[in-house]
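start-v1.pdb follows (PDB, C-alpha atoms and all ligand atoms):
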```pdb
ATOM      1  CA  MET A   1     -15.918 -11.016 -14.812
ATOM      2  CA  HIS A   2     -17.675 -10.906 -11.438
ATOM      3  CA  PRO A   3     -20.385  -8.186 -11.598
ATOM      4  CA  MET A   4     -18.982  -6.365  -8.546
ATOM      5  CA  LEU A   5     -15.501  -6.341 -10.082
ATOM      6  CA  ASN A   6     -17.028  -5.042 -13.289
ATOM      7  CA  ILE A   7     -18.488  -2.035 -11.476
ATOM      8  CA  ALA A   8     -15.191  -1.430  -9.686
ATOM      9  CA  VAL A   9     -13.383  -1.439 -13.045
ATOM     10  CA  LYS A  10     -15.885   1.055 -14.440
ATOM     11  CA  ALA A  11     -15.324   3.328 -11.422
ATOM     12  CA  ALA A  12     -11.519   3.003 -11.622
ATOM     13  CA  ARG A  13     -11.456   3.809 -15.350
ATOM     14  CA  ARG A  14     -13.678   6.856 -14.890
ATOM     15  CA  ALA A  15     -11.446   8.161 -12.094
ATOM     16  CA  GLY A  16      -8.283   7.262 -14.031
ATOM     17  CA  ASN A  17      -9.458   9.215 -17.087
ATOM     18  CA  LEU A  18     -10.245  12.219 -14.924
ATOM     19  CA  ILE A  19      -6.768  12.052 -13.352
ATOM     20  CA  TYR A  20      -5.074  11.554 -16.711
ATOM     21  CA  ARG A  21      -6.814  14.595 -18.229
ATOM     22  CA  ALA A  22      -5.647  16.656 -15.236
ATOM     23  CA  THR A  23      -1.948  15.831 -15.848
ATOM     24  CA  ASP A  24      -1.919  18.685 -18.404
ATOM     25  CA  LYS A  25      -2.854  21.290 -15.808
ATOM     26  CA  ILE A  26      -1.006  20.277 -12.640
ATOM     27  CA  ASP A  27       0.449  23.790 -12.243
ATOM     28  CA  HIS A  28      -3.057  25.232 -11.933
ATOM     29  CA  LEU A  29      -4.497  22.805  -9.378
ATOM     30  CA  THR A  30      -5.582  23.737  -5.875
ATOM     31  CA  VAL A  31      -3.398  21.723  -3.516
ATOM     32  CA  THR A  32      -3.763  21.493   0.266
ATOM     33  CA  ARG A  33      -1.290  20.067   2.775
ATOM     34  CA  LYS A  34      -3.002  17.522   5.096
ATOM     35  CA  SER A  35       0.111  17.079   7.241
ATOM     36  CA  HIS A  36       3.875  17.111   6.684
ATOM     37  CA  ALA A  37       4.522  16.052   3.044
ATOM     38  CA  ASP A  38       0.941  14.806   2.723
ATOM     39  CA  PHE A  39      -0.857  16.667  -0.031
ATOM     40  CA  VAL A  40      -4.323  16.467  -1.499
ATOM     41  CA  SER A  41      -5.503  18.125  -4.700
ATOM     42  CA  GLU A  42      -8.902  18.835  -6.176
ATOM     43  CA  VAL A  43      -8.177  15.901  -8.508
ATOM     44  CA  ASP A  44      -7.947  13.434  -5.589
ATOM     45  CA  ARG A  45     -11.330  14.648  -4.351
ATOM     46  CA  ALA A  46     -13.032  14.693  -7.769
ATOM     47  CA  ALA A  47     -11.724  11.200  -8.583
ATOM     48  CA  GLU A  48     -13.010   9.928  -5.238
ATOM     49  CA  GLN A  49     -16.483  11.393  -5.827
ATOM     50  CA  THR A  50     -16.639   9.788  -9.290
ATOM     51  CA  ILE A  51     -15.733   6.412  -7.831
ATOM     52  CA  ILE A  52     -18.226   6.628  -4.968
ATOM     53  CA  GLN A  53     -21.013   7.752  -7.307
ATOM     54  CA  THR A  54     -20.369   4.878  -9.707
ATOM     55  CA  LEU A  55     -20.257   2.282  -6.935
ATOM     56  CA  LEU A  56     -23.321   3.554  -5.062
ATOM     57  CA  GLU A  57     -25.334   3.863  -8.267
ATOM     58  CA  ALA A  58     -24.922   0.104  -8.700
ATOM     59  CA  TYR A  59     -24.931  -0.849  -4.997
ATOM     60  CA  PRO A  60     -26.746   1.856  -2.991
ATOM     61  CA  ASP A  61     -26.707  -0.218   0.229
ATOM     62  CA  HIS A  62     -22.958  -0.805   0.300
ATOM     63  CA  ALA A  63     -20.660   1.069   2.682
ATOM     64  CA  ILE A  64     -17.665   3.216   1.716
ATOM     65  CA  LEU A  65     -14.263   3.745   3.309
ATOM     66  CA  ALA A  66     -12.447   6.334   1.223
ATOM     67  CA  GLU A  67      -9.205   8.218   1.891
ATOM     68  CA  GLU A  68     -10.441  11.768   1.372
ATOM     69  CA  SER A  69     -14.071  11.595   2.564
ATOM     70  CA  GLY A  70     -13.951   8.859   5.208
ATOM     71  CA  THR A  71     -16.704   6.373   5.893
ATOM     72  CA  GLN A  72     -20.343   6.312   4.870
ATOM     73  CA  GLY A  73     -23.066   3.688   5.228
ATOM     74  CA  ASP A  74     -23.172   0.494   7.217
ATOM     75  CA  SER A  75     -23.050  -2.828   5.385
ATOM     76  CA  GLU A  76     -21.226  -6.151   5.329
ATOM     77  CA  PHE A  77     -19.928  -4.927   1.921
ATOM     78  CA  VAL A  78     -17.362  -2.135   2.272
ATOM     79  CA  TRP A  79     -15.617  -0.487  -0.700
ATOM     80  CA  ILE A  80     -12.109   0.643   0.274
ATOM     81  CA  ILE A  81     -10.920   3.448  -1.990
ATOM     82  CA  ASP A  82      -7.710   5.334  -2.656
ATOM     83  CA  PRO A  83      -8.749   7.603  -5.532
ATOM     84  CA  LEU A  84      -5.181   8.631  -6.349
ATOM     85  CA  ASP A  85      -2.314   6.671  -4.840
ATOM     86  CA  GLY A  86       0.920   8.524  -5.496
ATOM     87  CA  THR A  87      -0.344  12.108  -5.219
ATOM     88  CA  THR A  88       3.172  13.497  -4.774
ATOM     89  CA  ASN A  89       4.227  11.855  -8.044
ATOM     90  CA  PHE A  90       1.105  13.130  -9.785
ATOM     91  CA  LEU A  91       1.742  16.702  -8.603
ATOM     92  CA  HIS A  92       5.276  16.552  -9.990
ATOM     93  CA  GLY A  93       4.304  15.016 -13.319
ATOM     94  CA  PHE A  94       6.174  11.820 -12.336
ATOM     95  CA  PRO A  95       4.133   9.130 -14.129
ATOM     96  CA  GLN A  96       3.675   6.582 -11.357
ATOM     97  CA  PHE A  97       0.270   6.786  -9.679
ATOM     98  CA  ALA A  98      -2.915   4.753  -9.667
ATOM     99  CA  VAL A  99      -6.503   4.361  -8.589
ATOM    100  CA  SER A 100      -7.073   1.612  -6.023
ATOM    101  CA  ILE A 101     -10.461   0.070  -5.223
ATOM    102  CA  ALA A 102     -11.133  -3.036  -3.131
ATOM    103  CA  LEU A 103     -14.291  -4.665  -1.881
ATOM    104  CA  GLN A 104     -14.289  -6.133   1.614
ATOM    105  CA  HIS A 105     -17.077  -8.573   2.432
ATOM    106  CA  LYS A 106     -17.515  -9.582   6.069
ATOM    107  CA  GLY A 107     -13.932  -8.519   6.742
ATOM    108  CA  VAL A 108     -12.407 -10.380   3.770
ATOM    109  CA  ILE A 109     -11.112  -8.620   0.637
ATOM    110  CA  THR A 110     -12.940 -10.240  -2.296
ATOM    111  CA  GLN A 111     -12.440  -7.900  -5.283
ATOM    112  CA  ALA A 112      -9.511  -5.715  -6.285
ATOM    113  CA  VAL A 113      -8.730  -3.154  -8.963
ATOM    114  CA  VAL A 114      -5.590  -1.069  -9.377
ATOM    115  CA  TYR A 115      -5.595   1.133 -12.479
ATOM    116  CA  ASP A 116      -2.591   3.055 -13.828
ATOM    117  CA  PRO A 117      -4.014   5.635 -16.235
ATOM    118  CA  THR A 118      -0.693   6.770 -17.727
ATOM    119  CA  LYS A 119       0.236   3.253 -18.874
ATOM    120  CA  ASN A 120      -3.360   2.114 -19.307
ATOM    121  CA  GLU A 121      -2.605  -0.903 -17.106
ATOM    122  CA  LEU A 122      -5.576  -2.436 -15.330
ATOM    123  CA  PHE A 123      -4.792  -4.956 -12.581
ATOM    124  CA  THR A 124      -7.768  -6.958 -11.311
ATOM    125  CA  ALA A 125      -8.502  -9.889  -9.022
ATOM    126  CA  THR A 126     -11.456 -11.731  -7.575
ATOM    127  CA  ARG A 127     -10.775 -13.943  -4.561
ATOM    128  CA  GLY A 128     -10.199 -17.528  -5.718
ATOM    129  CA  ARG A 129     -10.103 -16.668  -9.423
ATOM    130  CA  GLY A 130      -6.564 -15.401 -10.019
ATOM    131  CA  ALA A 131      -5.092 -12.019 -10.844
ATOM    132  CA  PHE A 132      -4.982 -10.301 -14.234
ATOM    133  CA  LEU A 133      -3.261  -7.432 -16.035
ATOM    134  CA  ASN A 134      -5.406  -6.153 -18.908
ATOM    135  CA  ASP A 135      -7.152  -9.562 -19.021
ATOM    136  CA  LYS A 136      -3.914 -11.583 -19.090
ATOM    137  CA  ARG A 137      -3.269 -13.863 -16.113
ATOM    138  CA  ILE A 138      -0.359 -12.672 -13.942
ATOM    139  CA  ARG A 139       1.815 -14.593 -11.509
ATOM    140  CA  VAL A 140       4.548 -13.681  -9.052
ATOM    141  CA  THR A 141       8.156 -14.480  -9.980
ATOM    142  CA  LYS A 142       9.851 -17.810  -9.293
ATOM    143  CA  ARG A 143      13.166 -16.298  -8.220
ATOM    144  CA  VAL A 144      14.770 -18.321  -5.440
ATOM    145  CA  ASN A 145      17.570 -16.234  -3.923
ATOM    146  CA  LEU A 146      17.271 -12.893  -2.191
ATOM    147  CA  ALA A 147      20.668 -11.970  -3.651
ATOM    148  CA  ASP A 148      19.154 -12.065  -7.172
ATOM    149  CA  SER A 149      15.947 -10.279  -6.200
ATOM    150  CA  LEU A 150      14.540  -6.857  -6.993
ATOM    151  CA  ILE A 151      12.713  -5.490  -3.952
ATOM    152  CA  GLY A 152      10.245  -2.611  -3.862
ATOM    153  CA  THR A 153       9.691  -0.344  -0.888
ATOM    154  CA  GLY A 154       8.343   3.025   0.241
ATOM    155  CA  PHE A 155      10.192   5.434   2.536
ATOM    156  CA  PRO A 156       8.535   6.745   5.675
ATOM    157  CA  TYR A 157       7.669  10.310   4.659
ATOM    158  CA  THR A 158       4.893  11.713   6.824
ATOM    159  CA  LYS A 159       5.372   9.972  10.177
ATOM    160  CA  PHE A 160       8.848   9.048  11.303
ATOM    161  CA  ASP A 161       8.184   6.767  14.310
ATOM    162  CA  HIS A 162       9.769   3.709  12.673
ATOM    163  CA  MET A 163      12.596   5.519  10.937
ATOM    164  CA  ASP A 164      15.530   3.824  12.682
ATOM    165  CA  ALA A 165      14.161   0.322  12.160
ATOM    166  CA  TYR A 166      13.355   1.165   8.533
ATOM    167  CA  VAL A 167      16.852   2.485   7.823
ATOM    168  CA  GLY A 168      18.376  -0.617   9.444
ATOM    169  CA  ILE A 169      16.324  -2.906   7.181
ATOM    170  CA  PHE A 170      17.150  -0.733   4.177
ATOM    171  CA  LYS A 171      20.890  -0.886   4.904
ATOM    172  CA  ASP A 172      20.809  -4.693   5.126
ATOM    173  CA  LEU A 173      18.708  -5.108   1.997
ATOM    174  CA  ILE A 174      20.930  -2.835  -0.090
ATOM    175  CA  GLN A 175      23.723  -5.299   0.603
ATOM    176  CA  LYS A 176      21.703  -8.503   0.324
ATOM    177  CA  THR A 177      19.572  -7.979  -2.829
ATOM    178  CA  ALA A 178      20.024  -7.167  -6.506
ATOM    179  CA  GLY A 179      18.349  -3.805  -5.984
ATOM    180  CA  LEU A 180      15.791  -1.690  -4.151
ATOM    181  CA  ARG A 181      13.197   0.582  -5.805
ATOM    182  CA  ARG A 182      10.932   3.303  -4.372
ATOM    183  CA  PRO A 183       8.601   4.455  -7.168
ATOM    184  CA  GLY A 184       6.077   6.160  -4.831
ATOM    185  CA  SER A 185       2.719   4.428  -5.203
ATOM    186  CA  ALA A 186       2.218   1.558  -2.787
ATOM    187  CA  ALA A 187      -0.923   0.306  -4.545
ATOM    188  CA  LEU A 188       0.960   0.116  -7.815
ATOM    189  CA  ASP A 189       4.019  -1.417  -6.145
ATOM    190  CA  LEU A 190       1.851  -4.286  -4.911
ATOM    191  CA  ALA A 191       0.245  -4.683  -8.341
ATOM    192  CA  TRP A 192       3.713  -4.788  -9.888
ATOM    193  CA  MET A 193       4.772  -7.394  -7.329
ATOM    194  CA  ALA A 194       1.748  -9.484  -8.439
ATOM    195  CA  ALA A 195       2.761  -9.015 -12.088
ATOM    196  CA  GLY A 196       6.293 -10.304 -11.464
ATOM    197  CA  ARG A 197       8.103  -6.960 -11.714
ATOM    198  CA  TYR A 198       9.457  -7.267  -8.176
ATOM    199  CA  ASP A 199      10.322 -10.380  -6.183
ATOM    200  CA  GLY A 200       9.450  -8.757  -2.871
ATOM    201  CA  PHE A 201       8.140  -5.599  -1.237
ATOM    202  CA  PHE A 202       8.080  -4.055   2.233
ATOM    203  CA  GLU A 203       6.893  -0.803   3.774
ATOM    204  CA  THR A 204       5.782   0.526   7.161
ATOM    205  CA  GLY A 205       2.878   2.741   8.155
ATOM    206  CA  LEU A 206       0.591   2.319   5.151
ATOM    207  CA  HIS A 207      -3.162   2.860   5.236
ATOM    208  CA  VAL A 208      -5.759   0.220   4.454
ATOM    209  CA  TRP A 209      -6.723   2.009   1.205
ATOM    210  CA  ASP A 210      -3.089   1.822  -0.005
ATOM    211  CA  ILE A 211      -2.949  -1.966   0.312
ATOM    212  CA  ALA A 212      -6.446  -3.522   0.327
ATOM    213  CA  ALA A 213      -6.546  -4.087  -3.452
ATOM    214  CA  GLY A 214      -2.846  -4.750  -3.966
ATOM    215  CA  THR A 215      -2.618  -7.480  -1.354
ATOM    216  CA  LEU A 216      -5.439  -9.490  -2.984
ATOM    217  CA  LEU A 217      -3.676  -9.106  -6.350
ATOM    218  CA  ILE A 218      -0.536 -10.622  -4.803
ATOM    219  CA  THR A 219      -2.191 -13.583  -3.100
ATOM    220  CA  GLU A 220      -4.228 -14.308  -6.252
ATOM    221  CA  ALA A 221      -0.987 -14.199  -8.255
ATOM    222  CA  GLY A 222       0.510 -16.868  -5.971
ATOM    223  CA  GLY A 223       2.475 -14.562  -3.688
ATOM    224  CA  MET A 224       2.585 -14.201   0.078
ATOM    225  CA  VAL A 225       1.702 -11.184   2.189
ATOM    226  CA  SER A 226       2.130 -10.596   5.921
ATOM    227  CA  ASP A 227       3.015  -7.874   8.351
ATOM    228  CA  LEU A 228       6.702  -7.497   9.250
ATOM    229  CA  HIS A 229       6.770 -10.436  11.647
ATOM    230  CA  GLY A 230       4.873 -12.848   9.447
ATOM    231  CA  LYS A 231       1.383 -12.385  10.895
ATOM    232  CA  GLU A 232      -1.798 -11.557   9.011
ATOM    233  CA  THR A 233      -2.446  -8.192  10.667
ATOM    234  CA  TYR A 234      -1.168  -6.011   7.799
ATOM    235  CA  LEU A 235      -4.532  -4.423   6.918
ATOM    236  CA  LYS A 236      -4.694  -3.123  10.493
ATOM    237  CA  THR A 237      -1.032  -2.270  11.152
ATOM    238  CA  GLY A 238      -0.133  -1.018   7.656
ATOM    239  CA  HIS A 239       3.280  -2.676   8.070
ATOM    240  CA  ILE A 240       3.687  -5.023   5.158
ATOM    241  CA  CYS A 241       6.062  -7.599   3.740
ATOM    242  CA  ALA A 242       5.250  -9.399   0.485
ATOM    243  CA  GLY A 243       7.118 -11.739  -1.778
ATOM    244  CA  ASN A 244       7.042 -14.783  -3.939
ATOM    245  CA  PRO A 245       6.907 -17.935  -1.754
ATOM    246  CA  ASN A 246      10.723 -18.277  -1.835
ATOM    247  CA  ILE A 247      11.620 -14.660  -1.171
ATOM    248  CA  HIS A 248       8.946 -13.799   1.429
ATOM    249  CA  PRO A 249      10.548 -15.865   4.254
ATOM    250  CA  GLN A 250      14.014 -14.565   3.359
ATOM    251  CA  LEU A 251      12.787 -10.972   3.548
ATOM    252  CA  LEU A 252      11.176 -11.664   6.947
ATOM    253  CA  GLN A 253      14.483 -13.066   8.141
ATOM    254  CA  VAL A 254      16.362  -9.892   7.196
ATOM    255  CA  ILE A 255      13.676  -7.726   8.795
ATOM    256  CA  ALA A 256      13.411  -9.707  12.081
ATOM    257  CA  PRO A 257      16.484  -8.321  13.914
ATOM    258  CA  HIS A 258      15.240  -4.744  13.316
ATOM    259  CA  LEU A 259      11.727  -5.178  14.696
ATOM    260  CA  THR A 260      10.719  -2.948  17.591
ATOM    261  CA  PRO A 261       7.775  -3.729  19.903
ATOM    262  CA  ALA A 262       5.769  -0.998  18.088
ATOM    263  CA  LEU A 263       6.402  -2.630  14.717
ATOM    264  CA  LYS A 264       5.198  -5.935  16.175
ATOM    265  CA  GLY A 265       2.018  -4.190  17.320
ATOM    266  CA  GLN A 266       2.925  -4.572  21.025
TER
HETATM  267  C1  LIG B   1       1.156   7.132  -0.596
HETATM  268  C2  LIG B   1       1.830   6.234  -1.607
HETATM  269  C3  LIG B   1       3.296   6.044  -1.249
HETATM  270  C4  LIG B   1       3.463   5.484   0.126
HETATM  271  C5  LIG B   1       2.726   6.339   1.130
HETATM  272  C6  LIG B   1       1.245   6.494   0.748
HETATM  273  P1  LIG B   1      -0.920   8.724  -1.337
HETATM  274  O1  LIG B   1      -0.223   7.314  -0.891
HETATM  275  O2  LIG B   1       1.234   4.985  -1.648
HETATM  276  O3  LIG B   1       3.940   5.130  -2.127
HETATM  277  O4  LIG B   1       4.831   5.402   0.437
HETATM  278  O5  LIG B   1       2.828   5.776   2.412
HETATM  279  O6  LIG B   1       0.581   7.283   1.692
HETATM  280  O7  LIG B   1      -0.832   9.630  -0.139
HETATM  281  O8  LIG B   1      -0.188   9.239  -2.500
HETATM  282  O9  LIG B   1      -2.305   8.280  -1.624
HETATM  283 CA    CA B   2      -2.289   6.122  -0.846
HETATM  284 CA    CA B   3      -4.367   8.950  -2.140
END
```
Please express what this file holds, its structure, as structure tokens.
Amino acid sequence: MHPMLNIAVKAARRAGNLIYRATDKIDHLTVTRKSHADFVSEVDRAAEQTIIQTLLEAYPDHAILAEESGTQGDSEFVWIIDPLDGTTNFLHGFPQFAVSIALQHKGVITQAVVYDPTKNELFTATRGRGAFLNDKRIRVTKRVNLADSLIGTGFPYTKFDHMDAYVGIFKDLIQKTAGLRRPGSAALDLAWMAAGRYDGFFETGLHVWDIAAGTLLITEAGGMVSDLHGKETYLKTGHICAGNPNIHPQLLQVIAPHLTPALKGQ
């Protein structure tokens, strides 16, 4: 395993264990509302500190971009961290949440870890070396038709600027696919897409820490990722469409008539 991935795995496992231990005491946690339906708990913050400590102990010169504490340092190596993706699930005892850590080097994501502590599933990838689930190689599905496909998504839930377009896409996809799922952790959704549990995925308005690791997992598993009009700006826009190489263009085709200038970044 690449030494930088190794450190990221160590950090993700430490944070995951901390989160897992806290699932017994969710009723006693201090929870703050950041904005509408956007919560943060002391567990999010503690997990983030554990991750940052572990990474900086090994690489003191690297920079950090983390959801709860923002940026620190200045380096061509930037660790992008979501300490707990799926906080709402976590706070309700709904077992679908994960730790997400990615390394960006000179603007390119090179290492990725998504760790699900409740299922003890560790998804990892190093650019150019494939994607793995608990050390077993994973690949995206080979499904050919959208009509047979299971598609993952996330609902807009804090900002509602793209609501009408989203609902339009949703309505079409309900009728054109085998099913839609919204489990509530984008990082894990992307990891599951890489592992062949979905054939496609789309969501609007995500943050870079939700998707930095998951998108490398998908491309290393042979899948395709773009923004909603097929361009490579998803890390910036947070609008994302992913799929196996057959399903990705079909998803884009369904999405296209619903695109607004804002969704195209215009
Ligand atoms: C959220 C989850 C959710 C997605 C939201 C994210 P958080 O992350 O990934 O699935 O729909 O857009 O913000 O707030 O739980 O880290
Ligand atoms: Ca998140
Ligand atoms: Ca989070």
Taking all atoms listed in the file into account, report as a PyMOL selection string which residues have an atom no farther than 8 Å from an atom of ligand CA 3 (chain B). chain A and resi 40+44+67-68+82-87+210
For C-alpha atoms, I'd like the residues from the last selection saved as an mmCIF file, keeping the file's coordinate frame.
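Contents of selection-v7.cif, freshly written:
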```cif
data_model
loop_
_atom_site.group_PDB
_atom_site.id
_atom_site.type_symbol
_atom_site.label_atom_id
_atom_site.label_comp_id
_atom_site.auth_asym_id
_atom_site.auth_seq_id
_atom_site.Cartn_x
_atom_site.Cartn_y
_atom_site.Cartn_z
ATOM 1 C CA VAL A 40 -4.323 16.467 -1.499
ATOM 2 C CA ASP A 44 -7.947 13.434 -5.589
ATOM 3 C CA GLU A 67 -9.205 8.218 1.891
ATOM 4 C CA GLU A 68 -10.441 11.768 1.372
ATOM 5 C CA ASP A 82 -7.710 5.334 -2.656
ATOM 6 C CA PRO A 83 -8.749 7.603 -5.532
ATOM 7 C CA LEU A 84 -5.181 8.631 -6.349
ATOM 8 C CA ASP A 85 -2.314 6.671 -4.840
ATOM 9 C CA GLY A 86 0.920 8.524 -5.496
ATOM 10 C CA THR A 87 -0.344 12.108 -5.219
ATOM 11 C CA ASP A 210 -3.089 1.822 -0.005
#
```
For the file shown, report as a PDB file with C-alpha atoms, in the coordinates of the input the outcome of the PyMOL selection byres (((chain A and resi 203) around 9) and not hetatm) at residue level.
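As a result, expr07.pdb now contains:
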```pdb
ATOM      1  CA  GLY A 152      10.245  -2.611  -3.862  1.00  0.00           C
ATOM      2  CA  THR A 153       9.691  -0.344  -0.888  1.00  0.00           C
ATOM      3  CA  GLY A 154       8.343   3.025   0.241  1.00  0.00           C
ATOM      4  CA  PHE A 155      10.192   5.434   2.536  1.00  0.00           C
ATOM      5  CA  PRO A 156       8.535   6.745   5.675  1.00  0.00           C
ATOM      6  CA  TYR A 166      13.355   1.165   8.533  1.00  0.00           C
ATOM      7  CA  ALA A 186       2.218   1.558  -2.787  1.00  0.00           C
ATOM      8  CA  PHE A 201       8.140  -5.599  -1.237  1.00  0.00           C
ATOM      9  CA  PHE A 202       8.080  -4.055   2.233  1.00  0.00           C
ATOM     10  CA  THR A 204       5.782   0.526   7.161  1.00  0.00           C
ATOM     11  CA  GLY A 205       2.878   2.741   8.155  1.00  0.00           C
ATOM     12  CA  LEU A 206       0.591   2.319   5.151  1.00  0.00           C
ATOM     13  CA  LEU A 228       6.702  -7.497   9.250  1.00  0.00           C
ATOM     14  CA  GLY A 238      -0.133  -1.018   7.656  1.00  0.00           C
ATOM     15  CA  HIS A 239       3.280  -2.676   8.070  1.00  0.00           C
ATOM     16  CA  ILE A 240       3.687  -5.023   5.158  1.00  0.00           C
ATOM     17  CA  CYS A 241       6.062  -7.599   3.740  1.00  0.00           C
TER      18      CYS A 241
END
```
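Here the PyMOL selection byres (((chain A and resi 62) around 9) and not hetatm) matches the residues Leu55, Leu56, Tyr59, Pro60, Asp61, Ala63, Ile64, Gln72, Gly73, Asp74, Ser75, Glu76, Phe77, Val78 and Trp79 of chain A.
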Skipping near chain neighbours, those fewer than 6 positions away, what residues fall within 12 Å of Val99 (chain A) using all atoms listed in the file, listed as a ChimeraX atom specification? /A:8-20,43-44,47-48,50-51,66-67,80-87,90,112-118,120-124,185-188,191,209-214
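Nearest residue to His229 (chain A) among A:Pro261, A:Pro183, A:Pro3, A:Gly130 is A:Pro261, counting all atoms listed in the file.
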Could you spell out the hits of the PyMOL selection byres (((chain A and resi 125) around 10) and not hetatm) on the shown file, as a PyMOL selection string? chain A and resi 1-2+5+102+110-114+123-124+126-133+137-138+213-221
Pick from A:Ala256, A:Gly107, A:Tyr234, A:Ile101 nearest to ligand CA 2 (chain B), counting all atoms listed in the file: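 The closest residue to ligand CA 2 (chain B) is A:Ile101.
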Taking only C-alpha atoms into account, which of A:Met224, A:Gly184, A:Val208, A:Arg143 comes nearest Pro95 (chain A)? A:Gly184
Restricting the calculation to all atoms listed in the file: of A:Val108, A:Ala98, A:Ile169, A:Met163, which residue gets closest to ligand LIG 1 (chain B)?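 Of the candidates, the smallest distance to ligand LIG 1 (chain B) is held by A:Ala98.
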Please list as a PDB file with C-alpha atoms, in the coordinates of the input every residue within 10 Å of Gly179 (chain A), counting all atoms listed in the file and excluding residues in the same chain fewer than 5 positions away.
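The resulting file, selection-v4.pdb, is reproduced below:
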```pdb
ATOM      1  CA  LEU A 146      17.271 -12.893  -2.191  1.00  0.00           C
ATOM      2  CA  ALA A 147      20.668 -11.970  -3.651  1.00  0.00           C
ATOM      3  CA  ASP A 148      19.154 -12.065  -7.172  1.00  0.00           C
ATOM      4  CA  SER A 149      15.947 -10.279  -6.200  1.00  0.00           C
ATOM      5  CA  LEU A 150      14.540  -6.857  -6.993  1.00  0.00           C
ATOM      6  CA  ILE A 151      12.713  -5.490  -3.952  1.00  0.00           C
ATOM      7  CA  GLY A 152      10.245  -2.611  -3.862  1.00  0.00           C
ATOM      8  CA  LEU A 173      18.708  -5.108   1.997  1.00  0.00           C
ATOM      9  CA  ILE A 174      20.930  -2.835  -0.090  1.00  0.00           C
ATOM     10  CA  TYR A 198       9.457  -7.267  -8.176  1.00  0.00           C
TER      11      TYR A 198
END
```
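Using all atoms listed in the file, the shortest contact distance between Asp38 (chain A) and any of A:Lys142, A:Lys119, A:His92, A:Lys159 is found at A:Lys159.
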Put a box with edges along x, y and z around all the listed atoms of ligand LIG 1 (chain B), pad it by 8 Å on each side, then give me its centre and sizes in Å, one decimal, as lines of an AutoDock Vina configuration file.
```
center_x = 1.3
center_y = 7.3
center_z = 0.0
size_x = 23.1
size_y = 20.6
size_z = 20.9
```
Using only C-alpha atoms, which of the listed residues (A:Leu91, A:Gly265, A:Thr71, A:Thr54) sits closest to Ile7 (chain A)?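 Ranking A:Leu91, A:Gly265, A:Thr71, A:Thr54 by distance to Ile7 (chain A), first place goes to A:Thr54.
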